[in-house]
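S.K.: Quick one: the structure is below, questions incoming.
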Amino acid sequence: MNETTTMNRQRPRRASHRTGAVVCAILLILGGLATGYFLLLAYAAEPAGPWDGESVAHSNFAAGLALALAAVIALLTWVFVKAEWLRRWWFTLPASLAFAAVLRLTLLTPEL
């Protein structure tokens with residue numbers, strides 16, 4: 001009788017744990033898609049000529065915003081991993097997005 005009571009107590013935890021993991025994963029994927037969109041905007045902006053400083057500013061703004069969103073995603077990932085809802089490999093999403101944003105802001109910035 002004690003074993004069935006223990007089994008019944010563990011089942012709802014597993015279901016809630018799985019639900020929490022799915023919600024966290026969806027939240028991180030949506031954040032990753034938004035960050036990826038800003039990175040796409042940053043990489044798509046190319047100046048038309050030496051007079052087009054506005055597109056360079058827009059590219060830098062989009063890359064900076066993507067970097068800020070990647071930092072927020074990294075913090076959320078840290079919280080979700082600490083709560084043991086997700087595994088550590090989820091850190092690759094914000095790390096790769098932040099790496100791409102930093103590359104656009106430094107080495108791959110559009111020149112006039």
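Residue numbering restarts at 1 in every chain; chains get A, B, ... in the order shown in the structure tokens, and ligands count up from 1 in that same order.
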Env of Leu103 in chain A: 10 Å cut, atoms = only C-alpha atoms, seq-sep filter 6 positions within chain, self excluded. Answer as a VMD selection string.
M.R.: chain A and resid 63 97 109
S.K.: Keeping only N, CA and C atoms, write the selected residues to a file as a short mmCIF file (atom, residue, chain, number, x, y, z; two decimals), in the first residue's frame.
M.R.:
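Just written: part03.cif:
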data_model
loop_
_atom_site.label_atom_id
_atom_site.label_comp_id
_atom_site.auth_asym_id
_atom_site.auth_seq_id
_atom_site.Cartn_x
_atom_site.Cartn_y
_atom_site.Cartn_z
N ALA A 63 21.46 44.79 -34.24
CA ALA A 63 22.40 43.84 -33.62
C ALA A 63 22.50 44.05 -32.12
N LEU A 97 23.35 32.93 -30.61
CA LEU A 97 22.74 34.19 -31.02
C LEU A 97 23.58 35.38 -30.57
N THR A 109 30.75 44.49 -39.20
CA THR A 109 29.93 45.69 -39.28
C THR A 109 30.02 46.29 -40.69
#
S.K.: What are the DSSP alpha helix (DSSP H) residues of chain A, as a ChimeraX atom specification?
M.R.: /A:2-44,53-82,92-105
S.K.: Would you save the residues from that selection as a compact mmCIF listing (two decimals), in the first residue's frame, using C-alpha atoms?
M.R.:
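Result went into out.txt, see below:
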# COMPACT_ATOMS: atom_id res chain seq x y z
CA ASN A 2 2.87 2.33 0.70
CA GLU A 3 4.36 1.74 -2.77
CA THR A 4 1.14 2.68 -4.57
CA THR A 5 0.85 5.86 -2.54
CA THR A 6 4.41 6.76 -3.45
CA MET A 7 3.76 6.01 -7.12
CA ASN A 8 0.63 8.16 -7.12
CA ARG A 9 2.55 11.07 -5.63
CA GLN A 10 5.31 10.85 -8.24
CA ARG A 11 3.04 10.79 -11.29
CA PRO A 12 1.63 14.31 -10.90
CA ARG A 13 5.14 15.66 -10.33
CA ARG A 14 6.36 14.09 -13.54
CA ALA A 15 3.40 15.48 -15.46
CA SER A 16 3.89 18.96 -14.02
CA HIS A 17 7.64 18.69 -14.61
CA ARG A 18 7.02 17.78 -18.24
CA THR A 19 4.50 20.59 -18.65
CA GLY A 20 6.93 23.08 -17.15
CA ALA A 21 9.67 21.89 -19.48
CA VAL A 22 7.42 22.30 -22.52
CA VAL A 23 6.36 25.80 -21.48
CA CYS A 24 9.98 26.80 -20.87
CA ALA A 25 11.09 25.37 -24.19
CA ILE A 26 8.33 27.21 -26.07
CA LEU A 27 9.25 30.46 -24.31
CA LEU A 28 12.93 30.09 -25.19
CA ILE A 29 12.17 29.14 -28.80
CA LEU A 30 9.94 32.18 -29.24
CA GLY A 31 12.64 34.39 -27.76
CA GLY A 32 15.18 32.78 -30.06
CA LEU A 33 12.98 33.43 -33.08
CA ALA A 34 12.57 37.10 -32.14
CA THR A 35 16.31 37.44 -31.63
CA GLY A 36 16.98 35.68 -34.91
CA TYR A 37 14.66 38.12 -36.67
CA PHE A 38 16.63 41.08 -35.33
CA LEU A 39 19.85 39.40 -36.40
CA LEU A 40 18.40 38.89 -39.86
CA LEU A 41 17.60 42.60 -40.02
CA ALA A 42 21.10 43.46 -38.82
CA TYR A 43 22.82 41.28 -41.41
CA ALA A 44 20.48 42.35 -44.24
CA GLY A 53 25.10 56.17 -42.64
CA GLU A 54 21.49 55.53 -41.68
CA SER A 55 21.55 51.88 -42.72
CA VAL A 56 24.73 51.34 -40.69
CA ALA A 57 23.02 52.84 -37.66
CA HIS A 58 19.99 50.62 -38.21
CA SER A 59 22.20 47.55 -38.51
CA ASN A 60 24.00 48.40 -35.28
CA PHE A 61 20.72 49.04 -33.49
CA ALA A 62 19.24 45.72 -34.62
CA ALA A 63 22.40 43.84 -33.62
CA GLY A 64 22.48 45.57 -30.24
CA LEU A 65 18.84 44.71 -29.64
CA ALA A 66 19.54 41.10 -30.63
CA LEU A 67 22.44 41.01 -28.17
CA ALA A 68 20.21 42.34 -25.38
CA LEU A 69 17.54 39.74 -26.18
CA ALA A 70 20.17 37.00 -26.21
CA ALA A 71 21.22 38.10 -22.72
CA VAL A 72 17.60 37.91 -21.53
CA ILE A 73 17.25 34.45 -23.08
CA ALA A 74 20.48 33.38 -21.37
CA LEU A 75 19.14 34.52 -17.99
CA LEU A 76 15.85 32.71 -18.57
CA THR A 77 17.74 29.60 -19.62
CA TRP A 78 19.81 29.79 -16.44
CA VAL A 79 16.64 29.97 -14.34
CA PHE A 80 15.04 27.06 -16.18
CA VAL A 81 18.16 24.90 -15.92
CA LYS A 82 18.51 25.70 -12.20
CA THR A 92 23.71 26.88 -26.95
CA LEU A 93 20.75 28.91 -28.26
CA PRO A 94 21.54 32.21 -26.51
CA ALA A 95 25.29 31.66 -26.87
CA SER A 96 25.11 31.24 -30.64
CA LEU A 97 22.74 34.19 -31.02
CA ALA A 98 24.96 36.40 -28.88
CA PHE A 99 28.02 35.31 -30.86
CA ALA A 100 26.33 36.26 -34.14
CA ALA A 101 25.27 39.64 -32.74
CA VAL A 102 28.75 40.42 -31.43
CA LEU A 103 30.24 39.47 -34.79
CA ARG A 104 27.91 41.90 -36.55
CA LEU A 105 28.74 44.65 -34.09
S.K.: Mind pulling up the distance from CA of Ala45 in chain A to CA of Thr106 in chain A?
M.R.: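 Interatomic distance, CA of Thr106 in chain A to CA of Ala45 in chain A: 14.8 Å.
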S.K.: Between CA of Leu108 in chain A and CA of Trp51 in chain A, what distance in Å does the model show, to one decimal?
M.R.: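 Interatomic distance here is 19.0 Å.
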